[in-house]
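Shown next: protein_11.pdb, given as PDB, C-alpha atoms.
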```pdb
ATOM      1  CA  MET H  24      -8.709   0.212 -18.367  1.00  0.00           C
ATOM      2  CA  ILE H  25      -7.054   0.749 -14.989  1.00  0.00           C
ATOM      3  CA  LEU H  26      -8.858   2.159 -11.943  1.00  0.00           C
ATOM      4  CA  GLY H  27      -6.687   3.813  -9.309  1.00  0.00           C
ATOM      5  CA  HIS H  28      -7.845   3.854  -5.702  1.00  0.00           C
ATOM      6  CA  ILE H  29      -6.869   5.422  -2.397  1.00  0.00           C
ATOM      7  CA  GLY H  30      -8.533   4.630   0.921  1.00  0.00           C
ATOM      8  CA  ALA H  31      -8.454   7.455   3.471  1.00  0.00           C
ATOM      9  CA  ARG H  32     -10.581   6.869   6.537  1.00  0.00           C
ATOM     10  CA  LYS H  33     -11.238   9.826   8.856  1.00  0.00           C
ATOM     11  CA  GLY H  34     -10.284   8.100  12.077  1.00  0.00           C
ATOM     12  CA  SER H  35      -6.689   7.442  13.131  1.00  0.00           C
ATOM     13  CA  LYS H  36      -5.476   6.550  16.601  1.00  0.00           C
ATOM     14  CA  GLY H  37      -1.701   6.665  16.067  1.00  0.00           C
ATOM     15  CA  VAL H  38      -1.517  10.036  14.280  1.00  0.00           C
ATOM     16  CA  ILE H  39      -4.678  12.125  14.547  1.00  0.00           C
ATOM     17  CA  ARG H  40      -6.276  12.705  11.112  1.00  0.00           C
ATOM     18  CA  LYS H  41      -3.002  11.713   9.494  1.00  0.00           C
ATOM     19  CA  ASN H  42      -4.389  11.246   5.983  1.00  0.00           C
ATOM     20  CA  PHE H  43      -4.970  14.992   5.619  1.00  0.00           C
ATOM     21  CA  ARG H  44      -2.076  16.198   7.757  1.00  0.00           C
ATOM     22  CA  ASP H  45       0.476  18.437   6.051  1.00  0.00           C
ATOM     23  CA  LEU H  46       3.585  16.662   4.845  1.00  0.00           C
ATOM     24  CA  CYS H  47       6.239  18.855   3.230  1.00  0.00           C
ATOM     25  CA  GLY H  48       3.756  21.384   1.896  1.00  0.00           C
ATOM     26  CA  LYS H  49       0.704  19.344   0.979  1.00  0.00           C
ATOM     27  CA  PRO H  50      -1.756  16.906   2.586  1.00  0.00           C
ATOM     28  CA  LEU H  51      -0.411  13.397   3.076  1.00  0.00           C
ATOM     29  CA  ILE H  52      -3.029  11.944   0.745  1.00  0.00           C
ATOM     30  CA  ASP H  53      -1.866  14.155  -2.130  1.00  0.00           C
ATOM     31  CA  TRP H  54       1.531  12.458  -2.392  1.00  0.00           C
ATOM     32  CA  SER H  55      -0.310   9.325  -3.550  1.00  0.00           C
ATOM     33  CA  LEU H  56      -3.330  10.979  -5.158  1.00  0.00           C
ATOM     34  CA  ASP H  57      -1.158  13.130  -7.417  1.00  0.00           C
ATOM     35  CA  GLN H  58       0.760  10.025  -8.496  1.00  0.00           C
ATOM     36  CA  LEU H  59      -2.470   8.368  -9.620  1.00  0.00           C
ATOM     37  CA  LEU H  60      -3.880  11.453 -11.333  1.00  0.00           C
ATOM     38  CA  GLU H  61      -0.618  12.061 -13.207  1.00  0.00           C
ATOM     39  CA  HIS H  62       0.206   8.470 -14.181  1.00  0.00           C
ATOM     40  CA  PRO H  63      -0.312   7.810 -17.907  1.00  0.00           C
ATOM     41  CA  MET H  64      -1.440   4.215 -17.365  1.00  0.00           C
ATOM     42  CA  VAL H  65      -4.272   5.113 -14.949  1.00  0.00           C
ATOM     43  CA  ASP H  66      -7.651   5.856 -16.553  1.00  0.00           C
ATOM     44  CA  GLY H  67      -9.715   6.874 -13.545  1.00  0.00           C
ATOM     45  CA  VAL H  68      -9.206   7.505  -9.831  1.00  0.00           C
ATOM     46  CA  VAL H  69     -11.482   7.016  -6.822  1.00  0.00           C
ATOM     47  CA  VAL H  70     -10.935   7.965  -3.189  1.00  0.00           C
ATOM     48  CA  SER H  71     -12.846   5.957  -0.608  1.00  0.00           C
ATOM     49  CA  THR H  72     -13.345   7.981   2.559  1.00  0.00           C
ATOM     50  CA  ASP H  73     -15.863   8.869   5.259  1.00  0.00           C
ATOM     51  CA  ASP H  74     -14.303  12.337   5.619  1.00  0.00           C
ATOM     52  CA  GLU H  75     -16.221  15.040   3.733  1.00  0.00           C
ATOM     53  CA  GLU H  76     -13.260  17.419   3.587  1.00  0.00           C
ATOM     54  CA  ILE H  77     -10.958  14.765   2.130  1.00  0.00           C
ATOM     55  CA  TYR H  78     -13.653  13.656  -0.304  1.00  0.00           C
ATOM     56  CA  ASP H  79     -14.423  17.160  -1.597  1.00  0.00           C
ATOM     57  CA  HIS H  80     -10.675  17.834  -1.881  1.00  0.00           C
ATOM     58  CA  ALA H  81     -10.116  14.663  -3.924  1.00  0.00           C
ATOM     59  CA  VAL H  82     -13.036  15.259  -6.289  1.00  0.00           C
ATOM     60  CA  ALA H  83     -11.906  18.852  -6.844  1.00  0.00           C
ATOM     61  CA  LYS H  84      -8.492  17.519  -7.879  1.00  0.00           C
ATOM     62  CA  GLY H  85      -9.998  15.111 -10.397  1.00  0.00           C
ATOM     63  CA  ALA H  86     -11.146  11.962  -8.553  1.00  0.00           C
ATOM     64  CA  LEU H  87     -14.422  10.398  -9.682  1.00  0.00           C
ATOM     65  CA  ASP H  88     -17.547  11.316  -7.737  1.00  0.00           C
ATOM     66  CA  ILE H  89     -18.548   8.067  -6.015  1.00  0.00           C
ATOM     67  CA  GLY H  90     -19.954   9.452  -2.752  1.00  0.00           C
ATOM     68  CA  LEU H  91     -18.744   8.860   0.787  1.00  0.00           C
ATOM     69  CA  ARG H  92     -17.773   5.411   2.026  1.00  0.00           C
ATOM     70  CA  PRO H  93     -20.640   3.489   3.696  1.00  0.00           C
ATOM     71  CA  ALA H  94     -20.597   3.621   7.484  1.00  0.00           C
ATOM     72  CA  HIS H  95     -20.011  -0.137   7.884  1.00  0.00           C
ATOM     73  CA  LEU H  96     -16.737   0.253   5.949  1.00  0.00           C
ATOM     74  CA  ALA H  97     -15.521   3.201   8.034  1.00  0.00           C
ATOM     75  CA  THR H  98     -14.881   1.419  11.343  1.00  0.00           C
ATOM     76  CA  ASP H  99     -11.577   0.321  12.866  1.00  0.00           C
ATOM     77  CA  GLU H 100     -12.534  -3.291  12.138  1.00  0.00           C
ATOM     78  CA  ALA H 101     -13.566  -2.804   8.502  1.00  0.00           C
ATOM     79  CA  PRO H 102     -11.362  -4.997   6.280  1.00  0.00           C
ATOM     80  CA  LYS H 103      -9.433  -3.400   3.422  1.00  0.00           C
ATOM     81  CA  TRP H 104     -10.799  -6.094   1.105  1.00  0.00           C
ATOM     82  CA  GLY H 105     -14.397  -4.961   1.619  1.00  0.00           C
ATOM     83  CA  VAL H 106     -13.400  -1.338   1.058  1.00  0.00           C
ATOM     84  CA  TRP H 107     -11.724  -2.344  -2.206  1.00  0.00           C
ATOM     85  CA  GLN H 108     -14.773  -4.297  -3.369  1.00  0.00           C
ATOM     86  CA  HIS H 109     -17.047  -1.309  -2.773  1.00  0.00           C
ATOM     87  CA  ALA H 110     -14.610   1.103  -4.446  1.00  0.00           C
ATOM     88  CA  LEU H 111     -14.329  -1.161  -7.499  1.00  0.00           C
ATOM     89  CA  ASP H 112     -18.093  -1.328  -7.996  1.00  0.00           C
ATOM     90  CA  ALA H 113     -18.533   2.408  -7.398  1.00  0.00           C
ATOM     91  CA  GLY H 114     -15.614   3.268  -9.666  1.00  0.00           C
ATOM     92  CA  GLU H 115     -16.871   1.135 -12.556  1.00  0.00           C
ATOM     93  CA  ALA H 116     -20.317   2.689 -12.181  1.00  0.00           C
ATOM     94  CA  ALA H 117     -18.798   6.172 -12.343  1.00  0.00           C
ATOM     95  CA  LEU H 118     -16.678   5.261 -15.371  1.00  0.00           C
ATOM     96  CA  GLY H 119     -19.587   3.528 -17.072  1.00  0.00           C
ATOM     97  CA  GLN H 120     -17.512   0.499 -18.019  1.00  0.00           C
ATOM     98  CA  PRO H 121     -15.582  -2.395 -16.463  1.00  0.00           C
ATOM     99  CA  VAL H 122     -11.883  -2.124 -15.646  1.00  0.00           C
ATOM    100  CA  SER H 123      -9.091  -4.620 -16.241  1.00  0.00           C
ATOM    101  CA  ALA H 124      -7.048  -3.782 -13.128  1.00  0.00           C
ATOM    102  CA  PHE H 125      -7.661  -2.238  -9.713  1.00  0.00           C
ATOM    103  CA  LEU H 126      -4.619  -0.284  -8.512  1.00  0.00           C
ATOM    104  CA  ASP H 127      -4.526   0.653  -4.830  1.00  0.00           C
ATOM    105  CA  LEU H 128      -2.007   3.067  -3.328  1.00  0.00           C
ATOM    106  CA  ASP H 129      -1.818   3.320   0.444  1.00  0.00           C
ATOM    107  CA  CYS H 130      -1.774   7.020   1.272  1.00  0.00           C
ATOM    108  CA  THR H 131       0.180   6.375   4.496  1.00  0.00           C
ATOM    109  CA  SER H 132       3.100   5.157   2.385  1.00  0.00           C
ATOM    110  CA  PRO H 133       3.968   8.282   0.365  1.00  0.00           C
ATOM    111  CA  LEU H 134       7.618   7.546  -0.458  1.00  0.00           C
ATOM    112  CA  ARG H 135       6.975   5.262  -3.445  1.00  0.00           C
ATOM    113  CA  ALA H 136       8.264   6.503  -6.790  1.00  0.00           C
ATOM    114  CA  PRO H 137       6.231   6.708 -10.031  1.00  0.00           C
ATOM    115  CA  GLU H 138       8.404   3.932 -11.456  1.00  0.00           C
ATOM    116  CA  ASP H 139       7.203   1.650  -8.643  1.00  0.00           C
ATOM    117  CA  ILE H 140       3.645   2.078  -9.897  1.00  0.00           C
ATOM    118  CA  THR H 141       4.708   1.430 -13.469  1.00  0.00           C
ATOM    119  CA  GLY H 142       6.699  -1.623 -12.437  1.00  0.00           C
ATOM    120  CA  ALA H 143       3.802  -3.128 -10.497  1.00  0.00           C
ATOM    121  CA  LEU H 144       1.376  -2.550 -13.384  1.00  0.00           C
ATOM    122  CA  ARG H 145       3.766  -4.079 -15.910  1.00  0.00           C
ATOM    123  CA  LEU H 146       4.361  -7.109 -13.703  1.00  0.00           C
ATOM    124  CA  PHE H 147       0.601  -7.599 -13.450  1.00  0.00           C
ATOM    125  CA  ALA H 148       0.210  -7.313 -17.226  1.00  0.00           C
ATOM    126  CA  ASP H 149       3.057  -9.741 -17.907  1.00  0.00           C
ATOM    127  CA  GLU H 150       2.258 -12.410 -15.309  1.00  0.00           C
ATOM    128  CA  ARG H 151      -1.536 -12.093 -15.032  1.00  0.00           C
ATOM    129  CA  PRO H 152      -1.695 -13.154 -11.382  1.00  0.00           C
ATOM    130  CA  ASP H 153      -4.702 -12.609  -9.173  1.00  0.00           C
ATOM    131  CA  MET H 154      -2.792  -9.875  -7.404  1.00  0.00           C
ATOM    132  CA  VAL H 155       0.543  -8.049  -7.293  1.00  0.00           C
ATOM    133  CA  MET H 156       1.551  -6.922  -3.816  1.00  0.00           C
ATOM    134  CA  SER H 157       4.398  -4.587  -2.898  1.00  0.00           C
ATOM    135  CA  VAL H 158       7.071  -6.074  -0.651  1.00  0.00           C
ATOM    136  CA  CYS H 159      10.577  -5.249   0.503  1.00  0.00           C
ATOM    137  CA  GLU H 160      13.394  -7.412   1.785  1.00  0.00           C
ATOM    138  CA  ALA H 161      12.748  -8.309   5.418  1.00  0.00           C
ATOM    139  CA  ARG H 162      15.187  -6.864   7.937  1.00  0.00           C
ATOM    140  CA  LYS H 163      14.850 -10.001  10.093  1.00  0.00           C
ATOM    141  CA  ASN H 164      14.582 -13.586   8.916  1.00  0.00           C
ATOM    142  CA  PRO H 165      12.662 -16.370  10.746  1.00  0.00           C
ATOM    143  CA  TYR H 166      15.152 -18.972   9.462  1.00  0.00           C
ATOM    144  CA  PHE H 167      18.107 -17.073  10.914  1.00  0.00           C
ATOM    145  CA  ASN H 168      17.598 -14.294  13.475  1.00  0.00           C
ATOM    146  CA  LEU H 169      13.951 -14.340  14.537  1.00  0.00           C
ATOM    147  CA  VAL H 170      13.527 -16.436  17.668  1.00  0.00           C
ATOM    148  CA  GLU H 171      10.653 -17.548  19.889  1.00  0.00           C
ATOM    149  CA  PRO H 172      10.408 -19.264  23.274  1.00  0.00           C
ATOM    150  CA  ASP H 173       9.306 -22.872  23.719  1.00  0.00           C
ATOM    151  CA  GLU H 174       7.144 -24.133  26.581  1.00  0.00           C
ATOM    152  CA  THR H 175      10.111 -23.876  28.970  1.00  0.00           C
ATOM    153  CA  GLY H 176      10.937 -20.321  27.962  1.00  0.00           C
ATOM    154  CA  ALA H 177      14.090 -21.315  26.047  1.00  0.00           C
ATOM    155  CA  LEU H 178      14.668 -19.556  22.733  1.00  0.00           C
ATOM    156  CA  HIS H 179      14.776 -21.273  19.357  1.00  0.00           C
ATOM    157  CA  VAL H 180      14.885 -20.060  15.758  1.00  0.00           C
ATOM    158  CA  SER H 181      11.296 -19.501  14.621  1.00  0.00           C
ATOM    159  CA  LYS H 182      11.589 -21.647  11.471  1.00  0.00           C
ATOM    160  CA  PRO H 183      14.486 -24.079  11.967  1.00  0.00           C
ATOM    161  CA  LEU H 184      15.988 -25.945   9.024  1.00  0.00           C
ATOM    162  CA  PRO H 185      17.998 -29.196   9.189  1.00  0.00           C
ATOM    163  CA  GLY H 186      21.568 -28.344  10.089  1.00  0.00           C
ATOM    164  CA  GLY H 187      20.640 -24.765  10.906  1.00  0.00           C
ATOM    165  CA  VAL H 188      21.305 -21.534   9.045  1.00  0.00           C
ATOM    166  CA  TRP H 189      24.448 -19.764  10.241  1.00  0.00           C
ATOM    167  CA  ALA H 190      24.681 -16.907   7.734  1.00  0.00           C
ATOM    168  CA  ARG H 191      21.935 -14.537   6.637  1.00  0.00           C
ATOM    169  CA  GLN H 192      22.899 -15.007   2.996  1.00  0.00           C
ATOM    170  CA  ALA H 193      22.153 -18.741   3.292  1.00  0.00           C
ATOM    171  CA  ALA H 194      18.625 -18.223   4.638  1.00  0.00           C
ATOM    172  CA  PRO H 195      15.593 -18.541   2.339  1.00  0.00           C
ATOM    173  CA  THR H 196      14.294 -15.242   0.985  1.00  0.00           C
ATOM    174  CA  VAL H 197      11.687 -13.607   3.190  1.00  0.00           C
ATOM    175  CA  TYR H 198       9.779 -10.436   2.381  1.00  0.00           C
ATOM    176  CA  GLU H 199       7.957  -7.853   4.439  1.00  0.00           C
ATOM    177  CA  HIS H 200       4.465  -7.048   3.250  1.00  0.00           C
ATOM    178  CA  ALA H 201       4.854  -3.376   2.322  1.00  0.00           C
ATOM    179  CA  ALA H 202       1.552  -1.516   2.595  1.00  0.00           C
ATOM    180  CA  SER H 203       2.207   0.633  -0.456  1.00  0.00           C
ATOM    181  CA  THR H 204       1.135  -0.560  -3.897  1.00  0.00           C
ATOM    182  CA  TYR H 205      -1.297  -3.281  -5.004  1.00  0.00           C
ATOM    183  CA  VAL H 206      -2.651  -4.335  -8.381  1.00  0.00           C
ATOM    184  CA  VAL H 207      -5.670  -6.647  -8.277  1.00  0.00           C
ATOM    185  CA  ASP H 208      -7.616  -8.543 -10.906  1.00  0.00           C
ATOM    186  CA  PRO H 209     -11.205  -7.236 -10.592  1.00  0.00           C
ATOM    187  CA  ASN H 210     -12.692 -10.729 -10.968  1.00  0.00           C
ATOM    188  CA  TYR H 211     -10.504 -12.001  -8.140  1.00  0.00           C
ATOM    189  CA  LEU H 212     -11.402  -9.022  -5.969  1.00  0.00           C
ATOM    190  CA  ARG H 213     -15.091  -9.791  -6.410  1.00  0.00           C
ATOM    191  CA  ARG H 214     -14.966 -13.528  -5.780  1.00  0.00           C
ATOM    192  CA  ALA H 215     -12.361 -13.795  -3.004  1.00  0.00           C
ATOM    193  CA  GLU H 216     -12.885 -12.960   0.645  1.00  0.00           C
ATOM    194  CA  THR H 217      -9.266 -12.286   1.623  1.00  0.00           C
ATOM    195  CA  ILE H 218      -5.993 -11.301  -0.053  1.00  0.00           C
ATOM    196  CA  TYR H 219      -4.186 -14.641  -0.110  1.00  0.00           C
ATOM    197  CA  GLU H 220      -6.827 -16.960  -1.577  1.00  0.00           C
ATOM    198  CA  GLY H 221      -5.393 -16.771  -5.076  1.00  0.00           C
ATOM    199  CA  ARG H 222      -2.022 -16.327  -6.753  1.00  0.00           C
ATOM    200  CA  VAL H 223      -0.495 -13.264  -5.101  1.00  0.00           C
ATOM    201  CA  ILE H 224       2.978 -12.403  -6.378  1.00  0.00           C
ATOM    202  CA  PRO H 225       5.558  -9.944  -5.002  1.00  0.00           C
ATOM    203  CA  PHE H 226       6.661  -6.655  -6.464  1.00  0.00           C
ATOM    204  CA  GLU H 227       9.871  -5.789  -4.633  1.00  0.00           C
ATOM    205  CA  MET H 228      10.473  -2.158  -3.710  1.00  0.00           C
ATOM    206  CA  LEU H 229      13.373  -0.440  -2.014  1.00  0.00           C
ATOM    207  CA  PRO H 230      12.890  -0.576   1.789  1.00  0.00           C
ATOM    208  CA  GLU H 231      13.251   3.199   2.139  1.00  0.00           C
ATOM    209  CA  ARG H 232      10.235   3.653  -0.148  1.00  0.00           C
ATOM    210  CA  CYS H 233       8.046   1.350   1.948  1.00  0.00           C
ATOM    211  CA  ILE H 234       7.843   3.138   5.297  1.00  0.00           C
ATOM    212  CA  ASP H 235       4.216   3.176   6.431  1.00  0.00           C
ATOM    213  CA  ILE H 236       2.972   5.878   8.814  1.00  0.00           C
ATOM    214  CA  ASP H 237       1.379   4.316  11.891  1.00  0.00           C
ATOM    215  CA  SER H 238       2.864   6.481  14.650  1.00  0.00           C
ATOM    216  CA  PRO H 239       4.203  10.022  15.259  1.00  0.00           C
ATOM    217  CA  LEU H 240       7.735   8.614  14.951  1.00  0.00           C
ATOM    218  CA  ASP H 241       6.887   7.126  11.539  1.00  0.00           C
ATOM    219  CA  PHE H 242       5.574  10.510  10.439  1.00  0.00           C
ATOM    220  CA  LYS H 243       8.817  12.215  11.472  1.00  0.00           C
ATOM    221  CA  MET H 244      10.888   9.608   9.630  1.00  0.00           C
ATOM    222  CA  VAL H 245       8.845   9.975   6.451  1.00  0.00           C
ATOM    223  CA  GLU H 246       8.975  13.761   6.709  1.00  0.00           C
ATOM    224  CA  PHE H 247      12.772  13.648   7.024  1.00  0.00           C
ATOM    225  CA  LEU H 248      13.158  11.309   4.046  1.00  0.00           C
ATOM    226  CA  MET H 249      10.698  13.288   1.919  1.00  0.00           C
ATOM    227  CA  ASN H 250      12.538  16.545   2.645  1.00  0.00           C
ATOM    228  CA  ASP H 251      15.828  14.859   1.777  1.00  0.00           C
ATOM    229  CA  HIS H 252      14.361  13.591  -1.498  1.00  0.00           C
ATOM    230  CA  LEU H 253      12.941  17.000  -2.405  1.00  0.00           C
ATOM    231  CA  ASN H 254      16.181  18.795  -1.588  1.00  0.00           C
ATOM    232  CA  ASN H 255      18.203  16.343  -3.687  1.00  0.00           C
ATOM    233  CA  ASN H 256      15.871  16.802  -6.645  1.00  0.00           C
ATOM    234  CA  GLN H 257      16.131  20.592  -6.387  1.00  0.00           C
ATOM    235  CA  GLY H 258      19.900  20.327  -6.499  1.00  0.00           C
ATOM    236  CA  GLN H 259      19.931  18.363  -9.751  1.00  0.00           C
TER
END
```
Can the structure in the file be given as structure tokens, please?
Amino acid sequence: MILGHIGARKGSKGVIRKNFRDLCGKPLIDWSLDQLLEHPMVDGVVVSTDDEEIYDHAVAKGALDIGLRPAHLATDEAPKWGVWQHALDAGEAALGQPVSAFLDLDCTSPLRAPEDITGALRLFADERPDMVMSVCEARKNPYFNLVEPDETGALHVSKPLPGGVWARQAAPTVYEHAASTYVVDPNYLRRAETIYEGRVIPFEMLPERCIDIDSPLDFKMVEFLMNDHLNNNQGQ
């Protein structure tokens, strides 16, 4: 049994109340929430939030009734891991049975495709890691074109290799952590304190599906790409 989860805190400094802001005709959260509610592999969905309007909206759409997020998990400093642990326990209580996978979608990353969710779930089922984490190819590479100053202020490659790396293609593979899609073993989620304690493996997504909304500019970029996607689908 797979439990889907979305975290949607009320507060947001970069884009005010972004999780419920309209994006191409519906609230931002719905682009991810609808994916969970409609996915055939997901058995139940919970939304963890301290926002009553978002909560009532999610439950009305079909999310499980788990109550509002506790106040200590609704601060700027509250770790995602603790939010996940609470949502897992509350979700299993609402379902009345344990789950075999905890699937989190970040609602500020709405450009993922349904096949990304399926791919992440299948990778988890095949490999049985502690966690599958969405990534995309990094635009900059610390072995090649990321630099940092030494104590004199002179620049050097961040992670130098013997002989140097003089072509991007020759550099070791480096990923960006894409805050989009996660699949977690419930036992690992309960026993660990942070993400990287266990075996965390990558699920690679297309970079254009991994844009995370942290600023007004991000929102405009996502809105442009979403409109482009919708218009292309209408033309098919």
Practice problem: Pull out every residue that the PyMOL selection byres ((chain H and resi 107-116) around 9) matches in the shown coordinates and put them as a VMD selection string. | Solution: chain H and resid 26 to 28 30 67 to 71 87 to 90 92 to 93 96 102 to 106 117 to 122 125 127 209 212 to 213
Where's the centre, and what are the edge lengths in Å to one decimal, of a box along x, y and z enclosing all listed atoms of range 235-242 of chain H padded 8 Å per side, as lines of an AutoDock Vina configuration file?
```
center_x = 4.6
center_y = 6.8
center_z = 10.8
size_x = 22.4
size_y = 23.3
size_z = 24.8
```
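Here CA of Asn210 in chain H is placed at a distance of 8.4 Å from CA of Asp153 in chain H.
Residue nearest Asp251 in chain H, chosen from H:Cys47, H:Leu229, H:Ala202, H:Val38 and counting only C-alpha atoms: H:Cys47.
The space separating CA of Tyr78 in chain H from CA of Leu91 in chain H comes to 7.1 Å.
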Exercise. Between H:Arg162, H:Arg222, H:His179, H:Arg135, single out the one closest to Val197 in chain H, counting all atoms listed in the file.
Key: H:Arg162
